[in-house]
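K.L.:
Below is the file work_13.txt, which contains compact mmCIF, C-alpha atoms and all ligand atoms.
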# COMPACT_ATOMS: atom_id res chain seq x y z
CA MET R 841 -14.24 -15.34 -12.75
CA VAL R 842 -12.89 -16.38 -9.37
CA VAL R 843 -10.38 -14.09 -7.67
CA ALA R 844 -8.66 -14.50 -4.32
CA ILE R 845 -7.39 -11.39 -2.53
CA THR R 846 -5.30 -11.39 0.63
CA GLY R 847 -5.04 -8.32 2.83
CA ILE R 848 -8.67 -7.58 2.01
CA THR R 849 -9.08 -5.08 4.83
CA GLY R 850 -5.97 -3.15 3.76
CA LEU R 851 -5.83 -0.07 1.56
CA LEU R 852 -4.90 -1.80 -1.67
CA GLY R 853 -6.76 -5.07 -1.02
CA ARG R 854 -10.09 -3.31 -0.49
CA ASN R 855 -9.68 -1.06 -3.53
CA ILE R 856 -8.98 -4.12 -5.69
CA LEU R 857 -12.15 -5.71 -4.30
CA PHE R 858 -14.26 -2.58 -4.93
CA GLU R 859 -12.90 -2.20 -8.45
CA LEU R 860 -13.61 -5.85 -9.30
CA LEU R 861 -17.16 -5.51 -7.99
CA ARG R 862 -17.62 -2.25 -9.89
CA GLN R 863 -16.44 -3.85 -13.13
CA HIS R 864 -18.88 -6.74 -12.65
CA ARG R 865 -21.84 -4.73 -11.42
CA GLN R 866 -24.01 -5.71 -14.43
CA ARG R 867 -23.02 -9.40 -14.19
CA LEU R 868 -22.27 -10.02 -10.56
CA GLN R 869 -23.14 -13.71 -10.84
CA GLU R 870 -19.98 -14.14 -12.96
CA LEU R 871 -17.74 -13.01 -10.11
CA LYS R 872 -16.70 -14.80 -6.94
CA VAL R 873 -14.12 -13.36 -4.57
CA PHE R 874 -12.33 -15.23 -1.84
CA ALA R 875 -11.39 -12.53 0.64
CA PHE R 876 -8.56 -13.58 2.97
CA GLY R 877 -8.27 -11.76 6.25
CA LYS R 878 -8.39 -11.81 10.03
CA ALA R 879 -10.94 -11.22 12.73
CA GLN R 880 -9.96 -8.21 14.83
CA GLY R 881 -11.02 -6.54 18.06
CA GLY R 882 -13.80 -9.07 18.66
CA LYS R 883 -15.18 -8.56 15.15
CA SER R 884 -15.35 -11.51 12.75
CA LEU R 885 -13.73 -11.17 9.35
CA GLN R 886 -17.14 -11.28 7.73
CA ALA R 887 -18.36 -8.39 9.89
CA ARG R 888 -15.21 -6.41 9.12
CA ILE R 889 -15.74 -6.88 5.39
CA LEU R 890 -19.38 -5.80 5.64
CA ASP R 891 -18.43 -2.68 7.62
CA MET R 892 -15.71 -1.88 5.11
CA MET R 893 -18.15 -2.25 2.22
CA ARG R 894 -20.74 -0.03 3.93
CA GLU R 895 -18.30 2.66 5.04
CA ASP R 896 -15.95 2.71 2.06
CA GLY R 897 -17.13 0.42 -0.75
CA ALA R 898 -20.55 2.06 -0.92
CA TYR R 899 -18.92 5.25 -2.22
CA TYR R 900 -16.78 3.38 -4.76
CA LEU R 901 -19.81 1.40 -5.94
CA GLY R 902 -22.10 4.41 -5.90
CA THR R 903 -24.83 2.69 -3.87
CA ALA R 904 -25.78 2.29 -0.23
CA ASP R 905 -27.21 -1.15 -1.03
CA ILE R 906 -24.07 -3.20 -0.87
CA SER R 907 -25.77 -6.57 -0.22
CA PRO R 908 -25.76 -7.85 -3.86
CA PHE R 909 -22.04 -7.06 -3.95
CA ALA R 910 -21.32 -8.54 -0.52
CA ASP R 911 -23.01 -11.77 -1.65
CA ARG R 912 -20.19 -12.30 -4.14
CA VAL R 913 -17.55 -12.19 -1.41
CA THR R 914 -16.61 -15.24 0.65
CA ALA R 915 -14.56 -14.48 3.75
CA ILE R 916 -11.65 -16.84 4.40
CA GLY R 917 -10.23 -16.44 7.88
CA TRP R 918 -6.50 -16.94 8.19
CA GLN R 919 -3.33 -15.81 9.88
CA LEU R 920 -0.06 -15.54 7.93
CA GLU R 921 1.94 -16.17 11.08
CA GLU R 922 0.47 -19.60 11.63
CA GLU R 923 1.91 -22.81 10.30
CA GLY R 924 -0.76 -23.97 7.82
CA LEU R 925 -2.17 -20.43 7.80
CA GLY R 926 -4.97 -21.32 10.23
CA ILE R 927 -7.50 -21.88 7.42
CA SER R 928 -10.42 -24.05 8.56
CA SER R 929 -10.77 -27.49 6.98
CA GLU R 930 -14.15 -26.49 5.48
CA ASP R 931 -12.64 -23.40 3.84
CA MET R 932 -9.65 -25.42 2.66
CA GLU R 933 -11.98 -27.95 1.07
CA MET R 934 -13.90 -25.18 -0.68
CA LEU R 935 -10.66 -23.61 -1.95
CA ARG R 936 -9.39 -26.94 -3.26
CA ARG R 937 -12.64 -27.54 -5.12
CA THR R 938 -12.76 -24.12 -6.80
CA PRO R 939 -10.37 -23.16 -9.60
CA ILE R 940 -9.09 -19.63 -8.89
CA GLY R 941 -8.24 -17.61 -11.99
CA LEU R 942 -6.23 -14.95 -10.16
CA PHE R 943 -4.71 -15.09 -6.69
CA ILE R 944 -3.54 -11.67 -5.44
CA HIS R 945 -1.30 -11.67 -2.39
CA ALA R 946 -1.44 -8.15 -0.96
CA ALA R 947 -1.34 -8.87 2.80
CA ALA R 948 1.79 -7.69 4.56
CA THR R 949 3.14 -5.89 7.55
CA VAL R 950 3.81 -2.35 6.32
CA ASP R 951 6.08 -1.04 9.03
CA PHE R 952 9.14 1.11 8.28
CA ARG R 953 10.54 1.06 11.81
CA ASP R 954 13.67 -0.82 12.71
CA SER R 955 13.58 -2.70 16.01
CA PRO R 956 14.03 -6.37 16.89
CA ASN R 957 10.25 -6.81 17.26
CA VAL R 958 9.49 -5.19 13.93
CA ARG R 959 12.21 -7.19 12.18
CA ASP R 960 10.75 -10.40 13.59
CA ALA R 961 7.24 -9.47 12.52
CA LEU R 962 8.44 -8.59 9.00
CA GLN R 963 10.19 -11.93 8.74
CA ARG R 964 7.18 -13.87 10.03
CA VAL R 965 4.50 -12.06 8.00
CA ASN R 966 6.20 -10.80 4.85
CA VAL R 967 8.77 -13.51 4.23
CA THR R 968 7.66 -16.75 5.92
CA GLY R 969 4.01 -15.73 5.40
CA THR R 970 4.58 -15.31 1.65
CA ALA R 971 6.29 -18.72 1.48
CA ARG R 972 3.19 -20.19 3.15
CA VAL R 973 0.90 -18.48 0.66
CA ALA R 974 2.96 -19.75 -2.27
CA ALA R 975 2.85 -23.28 -0.78
CA LEU R 976 -0.92 -22.95 -0.40
CA CYS R 977 -1.27 -21.87 -4.03
CA GLU R 978 0.81 -24.85 -5.15
CA LYS R 979 -1.94 -27.07 -3.70
CA LEU R 980 -4.80 -25.13 -5.30
CA GLN R 981 -5.81 -24.80 -8.93
CA ILE R 982 -4.80 -21.24 -9.73
CA GLY R 983 -4.39 -19.52 -13.08
CA GLN R 984 -1.95 -16.77 -12.04
CA PHE R 985 -0.35 -15.49 -8.89
CA ALA R 986 0.10 -11.74 -8.38
CA PHE R 987 2.45 -10.73 -5.61
CA ILE R 988 2.31 -7.16 -4.31
CA SER R 989 5.81 -6.04 -3.47
CA THR R 990 7.04 -2.44 -3.28
CA ALA R 991 8.92 -0.14 -5.66
CA TYR R 992 11.37 0.37 -2.78
CA ALA R 993 12.39 -3.31 -2.89
CA CYS R 994 15.12 -1.87 -5.15
CA GLY R 995 16.64 -0.42 -1.97
CA MET R 996 18.90 2.62 -2.30
CA GLU R 997 19.12 2.47 -6.11
CA GLU R 998 18.72 5.85 -7.82
CA GLY R 999 18.24 7.03 -11.41
CA VAL R 1000 16.71 4.58 -13.85
CA ILE R 1001 15.23 1.58 -12.02
CA LEU R 1002 13.81 -1.46 -13.79
CA PRO R 1003 10.85 -3.24 -12.18
CA GLY R 1004 12.69 -6.55 -11.76
CA THR R 1005 15.85 -5.06 -10.19
CA THR R 1006 17.09 -7.43 -7.49
CA ASN R 1007 20.13 -6.11 -5.69
CA PHE R 1008 20.63 -6.96 -2.05
CA GLU R 1009 23.93 -5.03 -2.16
CA ALA R 1010 22.20 -1.68 -2.83
CA GLY R 1011 21.32 -1.36 0.86
CA PHE R 1012 17.84 -0.67 2.20
CA ARG R 1013 16.21 2.22 4.02
CA ASN R 1014 14.62 -0.18 6.47
CA PRO R 1015 14.05 -3.91 7.07
CA TYR R 1016 10.59 -3.67 5.48
CA GLU R 1017 12.09 -3.01 2.03
CA ARG R 1018 14.41 -5.97 2.41
CA SER R 1019 11.59 -8.25 3.58
CA LYS R 1020 9.62 -7.46 0.43
CA LEU R 1021 12.59 -8.26 -1.82
CA GLU R 1022 13.19 -11.53 0.05
CA ALA R 1023 9.53 -12.40 -0.48
CA GLU R 1024 9.82 -11.61 -4.21
CA VAL R 1025 12.79 -13.95 -4.48
CA LEU R 1026 10.76 -16.71 -2.82
CA VAL R 1027 7.88 -16.22 -5.25
CA ARG R 1028 10.27 -16.36 -8.22
CA GLU R 1029 11.82 -19.57 -6.86
CA PHE R 1030 8.43 -21.21 -6.53
CA TRP R 1031 7.69 -20.25 -10.12
CA SER R 1032 11.06 -21.38 -11.51
CA LYS R 1033 10.59 -24.77 -9.84
CA GLY R 1034 7.18 -25.10 -11.52
CA LYS R 1035 5.31 -24.81 -8.22
CA LEU R 1036 3.38 -21.74 -9.29
CA PRO R 1037 1.89 -21.16 -12.75
CA GLN R 1038 2.16 -17.64 -14.17
CA ILE R 1039 3.42 -15.05 -11.70
CA LYS R 1040 3.30 -11.28 -11.76
CA ILE R 1041 5.20 -9.11 -9.34
CA PHE R 1042 3.81 -5.62 -8.83
CA ARG R 1043 5.89 -2.94 -7.19
CA PRO R 1044 3.73 -0.02 -6.02
CA SER R 1045 5.30 3.24 -4.91
CA THR R 1046 3.65 5.32 -2.14
CA ILE R 1047 -0.07 4.53 -2.21
CA CYS R 1048 -2.35 7.46 -1.39
CA GLY R 1049 -6.11 7.91 -1.22
CA ARG R 1050 -8.37 7.62 -4.25
CA LEU R 1051 -8.27 10.24 -6.99
CA LEU R 1052 -10.42 8.62 -9.68
CA GLU R 1053 -13.32 7.07 -7.78
CA PRO R 1054 -15.35 8.57 -4.92
CA LEU R 1055 -14.82 9.83 -2.36
CA PRO R 1056 -12.03 12.17 -3.51
CA GLY R 1057 -8.98 11.43 -1.39
CA GLN R 1058 -10.60 8.48 0.39
CA THR R 1059 -8.24 6.24 2.34
CA ASN R 1060 -8.76 4.02 5.36
CA LYS R 1061 -5.34 4.70 6.86
CA PHE R 1062 -3.05 7.62 7.33
CA ASP R 1063 0.49 6.36 7.12
CA ILE R 1064 3.52 7.57 5.14
CA PHE R 1065 3.17 11.30 4.37
CA TYR R 1066 -0.08 11.52 6.31
CA ALA R 1067 1.64 10.12 9.42
CA TRP R 1068 4.54 12.49 8.89
CA LEU R 1069 2.15 15.45 9.02
CA ALA R 1070 0.24 13.91 11.97
CA PHE R 1071 3.47 14.14 13.99
CA PHE R 1072 3.61 17.90 13.39
CA LEU R 1073 -0.11 18.26 14.10
CA ARG R 1074 0.38 16.59 17.50
CA LEU R 1075 3.22 18.98 18.32
CA LYS R 1076 1.09 21.87 17.20
CA ALA R 1077 -1.88 20.76 19.34
CA LYS R 1078 0.44 20.49 22.33
CA LYS R 1079 1.74 23.98 21.71
CA LEU R 1080 -1.65 25.60 21.13
CA GLY R 1081 -3.52 23.57 23.72
CA HIS R 1082 -6.07 22.53 21.08
CA PRO R 1083 -5.94 20.80 17.67
CA GLY R 1084 -5.88 23.90 15.51
CA TYR R 1085 -6.21 23.64 11.74
CA GLY R 1086 -7.34 27.27 11.67
CA GLU R 1087 -4.20 29.01 12.88
CA PHE R 1088 -0.50 28.83 12.21
CA ALA R 1089 1.98 27.63 14.84
CA ASP R 1090 5.78 27.72 14.70
CA ILE R 1091 7.43 24.34 15.18
CA ASP R 1092 11.15 24.64 15.61
CA ILE R 1093 12.36 21.69 13.56
CA ARG R 1094 14.72 22.21 10.65
CA VAL R 1095 13.27 19.65 8.24
CA CYS R 1096 15.59 18.46 5.49
CA PHE R 1097 14.76 17.12 2.07
CA ASN R 1098 16.40 16.88 -1.32
CA PRO R 1099 15.21 19.91 -3.34
CA ASN R 1100 15.95 18.01 -6.56
CA GLY R 1101 14.14 14.84 -5.50
CA GLY R 1102 10.51 13.87 -5.22
CA LEU R 1103 8.11 11.26 -4.00
CA ASN R 1104 6.43 8.83 -6.35
CA ILE R 1105 2.76 8.62 -5.36
CA ILE R 1106 0.08 6.38 -6.82
CA PRO R 1107 -3.62 6.65 -5.95
CA ALA R 1108 -5.09 3.44 -4.52
CA ASP R 1109 -7.88 3.25 -7.11
CA TYR R 1110 -5.53 3.71 -10.07
CA ALA R 1111 -3.23 1.03 -8.61
CA ALA R 1112 -6.17 -1.39 -8.30
CA LYS R 1113 -7.40 -0.72 -11.83
CA ALA R 1114 -3.98 -1.01 -13.45
CA LEU R 1115 -3.11 -4.20 -11.59
CA LEU R 1116 -6.36 -5.90 -12.63
CA GLU R 1117 -5.94 -4.78 -16.23
CA VAL R 1118 -2.39 -6.11 -16.46
CA CYS R 1119 -3.51 -9.45 -14.99
CA ARG R 1120 -6.32 -9.57 -17.55
CA SER R 1121 -3.99 -8.73 -20.45
CA GLY R 1122 -2.58 -12.23 -20.77
CA THR R 1123 0.98 -10.92 -20.92
CA ALA R 1124 3.76 -13.29 -19.95
CA GLU R 1125 5.78 -10.38 -18.53
CA GLN R 1126 6.35 -10.72 -14.80
CA ASP R 1127 7.64 -7.42 -13.44
CA PHE R 1128 5.64 -4.22 -13.15
CA HIS R 1129 6.19 -0.97 -11.38
CA LEU R 1130 2.82 0.21 -10.09
CA VAL R 1131 3.86 3.83 -9.92
CA SER R 1132 3.16 7.24 -11.32
CA PRO R 1133 5.18 8.04 -14.46
CA LYS R 1134 6.23 11.25 -12.70
CA GLU R 1135 7.47 12.03 -9.20
CA SER R 1136 5.76 14.74 -7.18
CA PRO R 1137 8.68 17.14 -6.62
CA ASN R 1138 9.64 17.73 -2.97
CA GLN R 1139 9.95 21.45 -3.71
CA MET R 1140 6.26 21.53 -4.58
CA GLY R 1141 4.73 18.98 -2.20
CA ILE R 1142 6.56 19.51 1.07
CA PRO R 1143 6.03 23.28 1.55
CA LEU R 1144 2.43 22.85 0.36
CA MET R 1145 1.74 20.16 2.98
CA PHE R 1146 3.09 22.27 5.86
CA ASP R 1147 1.18 25.25 4.61
CA PHE R 1148 -1.99 23.15 4.52
CA ILE R 1149 -1.66 22.06 8.15
CA LYS R 1150 -0.59 25.60 9.06
CA VAL R 1151 2.75 24.70 10.54
CA ALA R 1152 5.53 27.27 10.10
CA LEU R 1153 9.00 25.74 10.08
CA PRO R 1154 12.49 27.26 10.00
CA PRO R 1155 14.04 27.26 6.49
CA PHE R 1156 14.24 23.79 4.94
CA GLN R 1157 17.68 22.15 4.85
CA ASP R 1158 19.39 20.07 2.17
CA SER R 1159 20.84 17.66 4.73
CA VAL R 1160 20.33 16.73 8.36
CA PRO R 1161 21.55 19.68 10.48
CA GLU R 1162 24.64 18.97 12.57
CA GLN R 1163 23.70 20.32 16.01
CA LEU R 1164 20.22 19.04 16.78
CA SER R 1165 17.93 20.59 19.38
CA PRO R 1166 16.04 18.19 21.71
CA LEU R 1167 12.94 18.56 19.53
CA GLU R 1168 14.97 17.86 16.39
CA ARG R 1169 16.46 14.80 18.07
CA LEU R 1170 12.92 13.59 18.73
CA TYR R 1171 12.16 14.11 15.03
CA TYR R 1172 15.35 12.77 13.45
CA GLU R 1173 16.32 10.05 15.90
CA LYS R 1174 13.17 8.74 17.51
CA SER R 1175 10.19 9.28 15.25
CA VAL R 1176 8.91 10.15 11.78
CA GLY R 1177 12.07 11.97 10.67
CA ARG R 1178 14.06 8.81 11.21
CA ILE R 1179 11.58 6.81 9.12
CA TYR R 1180 10.88 9.23 6.26
CA THR R 1181 14.08 11.30 5.87
CA PRO R 1182 15.75 8.52 3.82
CA TYR R 1183 12.87 8.81 1.33
CA ILE R 1184 12.76 12.59 1.01
CA THR R 1185 16.54 13.00 0.81
CA SER R 1186 16.89 10.46 -1.98
CA ASN R 1187 17.78 11.54 -5.51
CA THR R 1188 15.24 10.99 -8.25
CA MET R 1189 14.13 7.38 -8.59
CA ASP R 1190 13.10 6.90 -12.19
CA PHE R 1191 10.91 3.80 -11.87
CA ARG R 1192 10.41 2.55 -15.42
CA VAL R 1193 6.78 1.99 -16.33
CA ASP R 1194 7.19 0.48 -19.81
CA SER R 1195 5.89 -2.96 -18.80
CA LEU R 1196 2.93 -1.42 -16.97
CA LEU R 1197 1.86 1.05 -19.65
CA GLY R 1198 2.61 -1.42 -22.44
CA ASN R 1199 -0.04 -3.76 -21.05
CA LEU R 1200 -2.80 -1.22 -20.50
CA PRO R 1201 -5.31 -0.81 -23.34
CA GLU R 1202 -5.91 2.37 -25.25
CA GLY R 1203 -8.26 4.67 -23.37
CA PHE R 1204 -7.17 3.36 -19.97
CA PRO R 1205 -7.16 6.28 -17.51
CA GLU R 1206 -3.85 8.01 -16.92
CA CYS R 1207 -2.35 7.79 -13.48
CA PRO R 1208 -3.44 11.00 -11.73
CA PHE R 1209 -0.35 13.07 -11.06
CA VAL R 1210 -0.24 14.26 -7.46
CA GLY R 1211 0.29 17.96 -8.06
CA PRO R 1212 -0.88 20.90 -5.93
CA SER R 1213 -4.65 20.44 -6.38
CA GLN R 1214 -4.46 16.66 -5.89
CA PHE R 1215 -2.40 17.14 -2.72
CA VAL R 1216 -5.10 19.45 -1.42
CA THR R 1217 -7.79 16.84 -2.21
CA LEU R 1218 -5.85 14.18 -0.31
CA LEU R 1219 -5.14 16.48 2.61
CA GLU R 1220 -8.73 17.71 2.84
CA PHE R 1221 -9.92 14.13 3.21
CA ALA R 1222 -7.23 13.50 5.84
CA ARG R 1223 -8.20 16.67 7.71
CA LYS R 1224 -11.83 15.47 7.91
CA HIS R 1225 -10.46 12.41 9.71
CA ASN R 1226 -7.93 14.40 11.75
CA PHE R 1227 -5.12 12.51 9.97
CA GLY R 1228 -6.06 9.38 11.93
CA ILE R 1229 -5.24 11.08 15.25
CA SER R 1230 -7.77 9.85 17.80
N1 LIG A 1 0.66 1.46 1.37
C1 LIG A 1 1.69 1.72 0.57
O1 LIG A 1 2.06 2.89 0.35
C2 LIG A 1 2.42 0.59 -0.11
C3 LIG A 1 3.45 0.94 -1.00
C4 LIG A 1 4.13 -0.07 -1.67
C5 LIG A 1 3.78 -1.38 -1.49
N2 LIG A 1 2.78 -1.70 -0.63
C6 LIG A 1 2.44 -3.13 -0.50
O2 LIG A 1 1.10 -3.27 -0.93
C7 LIG A 1 0.44 -4.28 -0.18
C8 LIG A 1 -0.82 -3.69 0.43
O3 LIG A 1 -0.43 -2.59 1.25
P1 LIG A 1 -1.52 -1.78 2.06
O4 LIG A 1 -0.98 -0.42 2.26
O5 LIG A 1 -2.85 -1.99 1.42
O6 LIG A 1 -1.46 -2.55 3.45
P2 LIG A 1 -2.32 -2.28 4.74
O7 LIG A 1 -3.37 -1.27 4.50
O8 LIG A 1 -1.36 -2.05 5.86
O9 LIG A 1 -3.02 -3.68 4.94
C9 LIG A 1 -2.30 -4.83 5.21
C10 LIG A 1 -3.23 -6.01 5.11
O10 LIG A 1 -2.49 -7.19 5.44
C11 LIG A 1 -3.20 -7.87 6.47
N3 LIG A 1 -2.28 -8.57 7.37
C12 LIG A 1 -1.26 -8.00 8.06
N4 LIG A 1 -0.67 -8.95 8.81
C13 LIG A 1 -1.33 -10.11 8.59
C14 LIG A 1 -1.22 -11.43 9.09
N5 LIG A 1 -0.29 -11.74 10.00
N6 LIG A 1 -2.07 -12.38 8.65
C15 LIG A 1 -3.03 -12.07 7.76
N7 LIG A 1 -3.20 -10.84 7.24
C16 LIG A 1 -2.37 -9.87 7.66
C17 LIG A 1 -3.94 -6.78 7.23
O11 LIG A 1 -4.98 -7.34 7.98
P3 LIG A 1 -5.60 -6.56 9.24
O12 LIG A 1 -6.48 -5.49 8.69
O13 LIG A 1 -6.36 -7.63 9.94
O14 LIG A 1 -4.45 -6.04 10.04
C18 LIG A 1 -4.41 -5.92 6.08
O15 LIG A 1 -5.55 -6.48 5.47
C19 LIG A 1 1.45 -4.76 0.85
O16 LIG A 1 2.00 -5.95 0.38
C20 LIG A 1 2.49 -3.67 0.91
O17 LIG A 1 3.75 -4.18 1.24
C21 LIG A 1 2.08 -0.74 0.07
Mind converting the file's structure to structure tokens?
Ligand SMILES: NC(=O)c1ccc[n+]([C@@H]2O[C@H](COP(=O)([O-])OP(=O)(O)OC[C@H]3O[C@@H](n4cnc5c(N)ncnc54)[C@H](OP(=O)(O)O)[C@@H]3O)[C@@H](O)[C@H]2O)c1

P.N.:
Amino acid sequence: MVVAITGITGLLGRNILFELLRQHRQRLQELKVFAFGKAQGGKSLQARILDMMREDGAYYLGTADISPFADRVTAIGWQLEEEGLGISSEDMEMLRRTPIGLFIHAAATVDFRDSPNVRDALQRVNVTGTARVAALCEKLQIGQFAFISTAYACGMEEGVILPGTTNFEAGFRNPYERSKLEAEVLVREFWSKGKLPQIKIFRPSTICGRLLEPLPGQTNKFDIFYAWLAFFLRLKAKKLGHPGYGEFADIDIRVCFNPNGGLNIIPADYAAKALLEVCRSGTAEQDFHLVSPKESPNQMGIPLMFDFIKVALPPFQDSVPEQLSPLERLYYEKSVGRIYTPYITSNTMDFRVDSLLGNLPEGFPECPFVGPSQFVTLLEFARKHNFGIS
């Protein structure tokens, strides 16, 4: 089996790689993975992959000896922003020669901010970059193309949401959501013109650390709700004069969220497993929500998270308060509140999972629901890494 994965160093990309290697551990010679990624900070892609396998994959695979696994992985250096993707002629030759059963395009800029620079980057990486990947795949011999989008490509839709919903009129919380929908449309166009064979579009919700495979809560990045909490931890450290997880501090920000809403959270390892299983199923269906069947209610998760980081807030609000203090303006207008309030004030988003669950075999693990104990597992892992605060 030959699989190509883009965004290999990312949260989802690496978990897909680890899961594939885990599944093939008794017959590694049957697996070959083309791992697309970039060199960074003076480190080659190959070195980055090896570090990632030692520091993260070793836990997933349950062994410190990652070399037999690493031998199955071929690093393909590229850059989505470059015309022609910057793939070397030797690598291109190798790719042309090798039939690829499954090509998974997970690389993207995941940035919820709205500024001219971010908009440009989203266009270059998520939209134009995806068009380049589709054009590359047209030239290669591939069996199926899996595009990783986002559940929030549906924009501001609420209530029942089908996985193929395409509605540019719904409005978006940020340019990132729109860029992912534009990329989906491109992929569908390539397929409808016969330029791609089978396609599958996966729409994950909020991806958190692992909850099925070791280490419990493991993630390589602390964005989304982790980053939201990191903002409050920074304020708390400033107030206390030290980064204190051990004591409570008052932070005078009236945080608002929808008490009837929730956040849909999917563990990275479950997402990887479910995606691979659906691709293996042979189904001709194209659209899949990669989400939990159940939202984690705001009423449960949000107070629990603040309690965990020992931040005491004024009473929660149902909507953005009218007269904002300078600190609240920092939160709501210039930082994490601006980015995440649209998500936590939304009404329930009932992402339908029929196509996902309908293509998973009997006995497939259930998606771990992120309830109180799972939140604590995720937050304990984040605390060990100071929520990514350096
Ligand atoms: N995380 C979530 O909660 C979430 C939710 C829904 C959907 N998704 C989607 O799921 C996919 C994976 O997300 P993730 O959270 O795993 O992403 P991530 O951790 O931010 O990783 C992004 C990956 O894309 C690569 N990349 C970024 N810009 C690139 C470029 N110009 N050229 C080549 N590679 C580039 C990164 O490489 P470097 O390491 O070199 O930067 C990294 O490997 C994305 O398509 C995202 O839109 C994510």

K.L.:
Please identify every polymer residue within 8 Å of ligand LIG 1 (chain A), using all atoms listed in the file, and present the set as a PyMOL selection string.

P.N.:
chain R and resi 846-854+876-880+918-921+945-950+964-966+969+987-992+1020+1043-1048+1060-1061+1063-1064

K.L.:
Produce a table with one row for each residue of stretch 1084-1133 of chain R that has an atom at most 10 Å from any atom of stretch 1004-1012 of chain R, each row naming the nearest atom pair and its distance in Å at one decimal; use only C-alpha atoms; arrange rows by chain and rising residue number; format as CSV.

P.N.:
residue,atom,partner,partner_atom,distance
R:Gln1126,CA,R:Gly1004,CA,8.2
R:Asp1127,CA,R:Gly1004,CA,5.4
R:Phe1128,CA,R:Gly1004,CA,7.6
R:His1129,CA,R:Gly1004,CA,8.6

K.L.:
Which value, in Å to one decimal, gives the distance between atom CA of R:Thr914 and atom CA of R:Leu1130?

P.N.:
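Distance reported for this atom pair: 27.0 Å.
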
K.L.:
Point out the residue among R:Ala986, R:Ala1108, R:Ala904, R:Val958 with the least atom-to-atom distance to R:Gly1049, counting only C-alpha atoms.

P.N.:
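With only C-alpha atoms as the atom set, the closest residue is R:Ala1108.
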
K.L.:
I need the residue nearest R:Arg936 from this list: R:Glu978, R:Asp951, R:Asp1158, R:Glu1206. Use only C-alpha atoms for the distance.

P.N.:
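Checking each of R:Glu978, R:Asp951, R:Asp1158, R:Glu1206 against R:Arg936, counting only C-alpha atoms, the winner is R:Glu978.
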
K.L.:
Would you work out the distance separating atom CA of R:Lys1134 from atom CA of R:Phe1209, expressed in Å to one decimal?

P.N.:
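Interatomic distance here is 7.0 Å.
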
K.L.:
Ranking R:Arg1050, R:Lys1076, R:Arg972, R:Lys1040 by minimum distance to R:Glu1125 and counting all atoms listed in the file, which one comes first?

P.N.:
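Result for the nearest residue to R:Glu1125: R:Lys1040.
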
K.L.:
Counting only C-alpha atoms, which of R:Ala1077, R:Ala974, R:Ala1089, R:Leu1218 gets nearest to R:Gly1141?

P.N.:
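Looking at the shortest contact to R:Gly1141, the residue is R:Leu1218.
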
K.L.:
Can you tell me how far atom CA of R:Asp1190 sits from atom CA of R:Val1000, in Å to one decimal?

P.N.:
4.6 Å
